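Raw contents of structure-v3.cif, mmCIF, C-alpha atoms and all ligand atoms:
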```cif
data_run
#
loop_
_atom_site.label_atom_id
_atom_site.label_comp_id
_atom_site.auth_asym_id
_atom_site.auth_seq_id
_atom_site.Cartn_x
_atom_site.Cartn_y
_atom_site.Cartn_z
CA MET A 1 21.91 14.30 -89.07
CA ARG A 2 19.84 17.10 -87.59
CA LEU A 3 17.61 14.86 -85.53
CA PRO A 4 20.30 13.83 -83.00
CA VAL A 5 21.16 17.49 -82.36
CA THR A 6 17.54 18.40 -81.67
CA PHE A 7 17.23 15.36 -79.49
CA GLY A 8 20.27 16.40 -77.46
CA ALA A 9 18.88 19.90 -76.95
CA ILE A 10 15.60 18.50 -75.69
CA LEU A 11 17.43 16.15 -73.35
CA ALA A 12 19.50 19.02 -71.97
CA LEU A 13 16.35 21.06 -71.31
CA ALA A 14 14.72 18.08 -69.63
CA LEU A 15 17.75 17.64 -67.38
CA VAL A 16 17.72 21.28 -66.36
CA GLY A 17 14.02 21.04 -65.61
CA GLY A 18 14.64 17.89 -63.62
CA CYS A 19 17.27 19.61 -61.52
CA GLY A 20 14.90 22.48 -60.70
CA GLY A 21 12.24 20.08 -59.52
CA GLY A 22 14.78 18.13 -57.52
CA SER A 23 16.01 21.12 -55.57
CA ALA A 24 12.47 22.25 -54.70
CA SER A 25 11.71 18.92 -53.07
CA PRO A 26 14.38 19.02 -50.31
CA THR A 27 13.31 22.59 -49.48
CA SER A 28 9.77 21.69 -48.42
CA PRO A 29 10.62 19.33 -45.52
CA GLY A 30 12.99 21.99 -44.15
CA PRO A 31 10.45 24.47 -42.72
CA SER A 32 8.33 21.77 -41.08
CA ALA A 33 11.36 20.18 -39.45
CA ALA A 34 12.38 23.60 -38.14
CA GLY A 35 8.86 24.37 -36.88
CA PRO A 36 8.90 25.46 -33.23
CA THR A 37 5.65 23.74 -32.19
CA PRO A 38 6.32 20.41 -30.52
CA THR A 39 4.17 17.63 -31.92
CA ASN A 40 5.02 15.23 -29.11
CA ALA A 41 2.19 15.71 -26.65
CA ALA A 42 4.17 13.97 -23.93
CA LEU A 43 6.52 16.95 -23.87
CA SER A 44 3.85 19.60 -23.47
CA ILE A 45 1.29 18.03 -21.14
CA VAL A 46 1.91 17.89 -17.40
CA CYS A 47 -0.41 15.55 -15.49
CA ASN A 48 -1.39 16.08 -11.87
CA ALA A 49 -0.59 19.78 -12.13
CA SER A 50 -1.59 22.42 -9.59
CA GLY A 51 -3.63 25.26 -10.99
CA SER A 52 -7.07 26.26 -12.13
CA GLY A 53 -8.54 27.06 -15.49
CA THR A 54 -10.86 25.33 -17.91
CA ALA A 55 -13.29 22.85 -16.37
CA VAL A 56 -14.37 19.64 -18.09
CA ALA A 57 -17.15 17.60 -16.54
CA ILE A 58 -17.12 13.84 -16.63
CA ALA A 59 -20.74 12.76 -16.37
CA ASN A 60 -22.78 9.84 -17.65
CA PHE A 61 -19.71 8.31 -19.29
CA ALA A 62 -18.90 11.38 -21.38
CA PHE A 63 -16.52 14.33 -21.32
CA ASN A 64 -18.40 17.62 -21.43
CA PRO A 65 -17.60 19.68 -23.38
CA ALA A 66 -16.10 17.10 -25.68
CA SER A 67 -13.82 19.82 -27.07
CA ALA A 68 -12.47 22.33 -24.56
CA ASN A 69 -10.21 25.33 -25.11
CA VAL A 70 -7.37 26.54 -22.95
CA ALA A 71 -4.63 29.14 -23.41
CA ALA A 72 -1.02 28.01 -23.75
CA ASN A 73 0.37 27.17 -20.30
CA GLY A 74 -3.20 26.95 -19.04
CA PHE A 75 -4.80 24.32 -16.84
CA VAL A 76 -7.69 21.95 -17.45
CA THR A 77 -9.47 20.28 -14.53
CA TRP A 78 -11.69 17.25 -15.03
CA ASN A 79 -14.45 16.77 -12.46
CA ASN A 80 -15.79 13.23 -12.35
CA SER A 81 -19.36 13.28 -11.13
CA ASP A 82 -19.96 9.65 -12.04
CA SER A 83 -19.61 7.02 -9.33
CA THR A 84 -17.38 5.05 -11.72
CA THR A 85 -13.64 5.55 -12.11
CA HIS A 86 -12.54 7.05 -15.43
CA THR A 87 -9.15 7.95 -16.86
CA VAL A 88 -7.78 10.92 -18.79
CA THR A 89 -5.47 9.27 -21.30
CA PHE A 90 -4.00 11.23 -24.20
CA ASP A 91 -3.97 9.39 -27.52
CA ASN A 92 -0.41 10.53 -28.33
CA GLY A 93 0.76 11.61 -24.93
CA PRO A 94 0.77 10.83 -21.27
CA ASP A 95 -1.79 8.80 -19.40
CA CYS A 96 -2.89 11.13 -16.64
CA GLY A 97 -4.34 8.17 -14.82
CA SER A 98 -7.50 7.35 -12.96
CA VAL A 99 -10.06 9.80 -11.69
CA SER A 100 -12.19 8.06 -9.11
CA GLY A 101 -15.88 8.77 -8.75
CA GLY A 102 -16.34 12.26 -7.33
CA GLY A 103 -12.65 13.03 -7.88
CA THR A 104 -10.76 15.55 -9.99
CA THR A 105 -7.52 15.72 -11.90
CA THR A 106 -5.73 18.68 -13.46
CA ALA A 107 -3.27 18.90 -16.34
CA GLN A 108 -1.24 21.81 -17.68
CA PHE A 109 -0.71 22.37 -21.40
CA ALA A 110 2.45 24.16 -22.45
CA ALA A 111 2.24 24.20 -26.21
CA ALA A 112 -0.44 25.17 -28.69
CA GLY A 113 -2.06 22.26 -30.43
CA SER A 114 -5.01 19.92 -30.43
CA TYR A 115 -4.75 16.98 -28.05
CA ALA A 116 -7.17 14.08 -28.31
CA TYR A 117 -7.77 11.95 -25.24
CA HIS A 118 -10.00 9.13 -24.10
CA CYS A 119 -10.92 7.02 -21.10
CA ARG A 120 -8.79 3.88 -21.02
CA ILE A 121 -11.54 1.97 -19.20
CA HIS A 122 -14.35 3.08 -21.51
CA PRO A 123 -12.85 3.62 -24.99
CA SER A 124 -16.04 5.18 -26.31
CA MET A 125 -15.38 8.21 -24.06
CA LYS A 126 -13.41 10.69 -26.15
CA GLY A 127 -12.44 14.34 -25.87
CA THR A 128 -10.09 16.96 -27.25
CA ILE A 129 -8.22 19.79 -25.58
CA VAL A 130 -7.45 22.67 -27.93
CA VAL A 131 -4.53 24.75 -26.67
CA GLY A 132 -3.69 28.15 -28.10
CU CU B 201 -14.40 5.88 -18.26
#
```
File written out as structure tokens:
Amino acid sequence: MRLPVTFGAILALALVGGCGGGSASPTSPGPSAAGPTPTNAALSIVCNASGSGTAVAIANFAFNPASANVAANGFVTWNNSDSTTHTVTFDNGPDCGSVSGGGTTTAQFAAAGSYAYHCRIHPSMKGTIVVG
């Protein structure tokens, strides 16, 4: 006769504990969803922009430096010293298009973040722009 009572008390405690855990779970996605930093690179990268800032060389089928820093709203200019055409194509963002041999292209970065890019023609060419 006493066992069912004890069992009920344990069940009630377990249910209360379960509720606490359940309410903590919906809280954690909240702050990330409300985060102000855009994760869509397409919204924060402007190709063919006019401005000057960080320089990245394209030479011997490589971006140099492979990881370049720029302040928010800053500009990055790629200077292609190869005779071959390359592209500046963001992995999760816009394709800034071809940069012919001896040519340049400039992009502006609005939001802080790390943006990986590559050459569409030569996939082994990879770089990252770190904004912030
Ligand atoms: Cu290339």
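The space separating atom CA of Phe90 of chain A from atom CA of Ala68 of chain A comes to 14.0 Å.
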List all protein, DNA and RNA residues that have any atom at most 12 Å from ligand CU 201 (chain B), counting all atoms listed in the file, and write the list as a ChimeraX atom specification. /A:58-63,80-89,97-101,117-127
A straight line from atom CA of Trp78 of chain A to atom CA of Asn92 of chain A spans 18.7 Å
As an exercise, work out the distance from atom CA of Ser50 of chain A to atom CA of Ser67 of chain A in Å and give it to one decimal place. 21.5 Å
Pick the closest to Gly74 of chain A from A:Pro94, A:Gly113, A:Gly103, A:Gly132: which is it, counting only C-alpha atoms? A:Gly132
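In this comparison, which uses all atoms listed in the file, the residue of A:Ser114, A:Thr104, A:Ser44, A:Asn79 approaching Asn64 of chain A most closely is A:Asn79.
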Identify the residues around (-3.5, 16.6, -27.3) within a radius of 6 Å, measuring from all atoms listed in the file in the coordinates stated by the file, and give them as an MDAnalysis selection string. chainID A and resid 41 114:116 129
Just the selected residues (C-alpha atoms), exported as a PDB file, in the frame of the given file, please.
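Now in selection-v6.pdb:
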```
ATOM      1  CA  ALA A  41       2.190  15.710 -26.650  1.00  0.00           C
ATOM      2  CA  SER A 114      -5.010  19.920 -30.430  1.00  0.00           C
ATOM      3  CA  TYR A 115      -4.750  16.980 -28.050  1.00  0.00           C
ATOM      4  CA  ALA A 116      -7.170  14.080 -28.310  1.00  0.00           C
ATOM      5  CA  ILE A 129      -8.220  19.790 -25.580  1.00  0.00           C
TER       6      ILE A 129
END
```
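Closest to Val56 of chain A among A:Ala112, A:Ala72, A:Ala107, A:Cys96 is A:Ala107, based on all atoms listed in the file.
Here the question is which of A:Asn48, A:Thr105, A:Asn69, A:Thr77 gets nearest to Val131 of chain A using only C-alpha atoms, and that residue is A:Asn69.
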Using all atoms listed in the file, the residue out of A:Ala111, A:Ala71, A:Val130, A:Ala66 with shortest distance to Ser52 of chain A is A:Ala71
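Closest approach to Val76 of chain A among A:Asp91, A:Thr128, A:Thr106, A:Val46 is made by A:Thr106 (distances from all atoms listed in the file).
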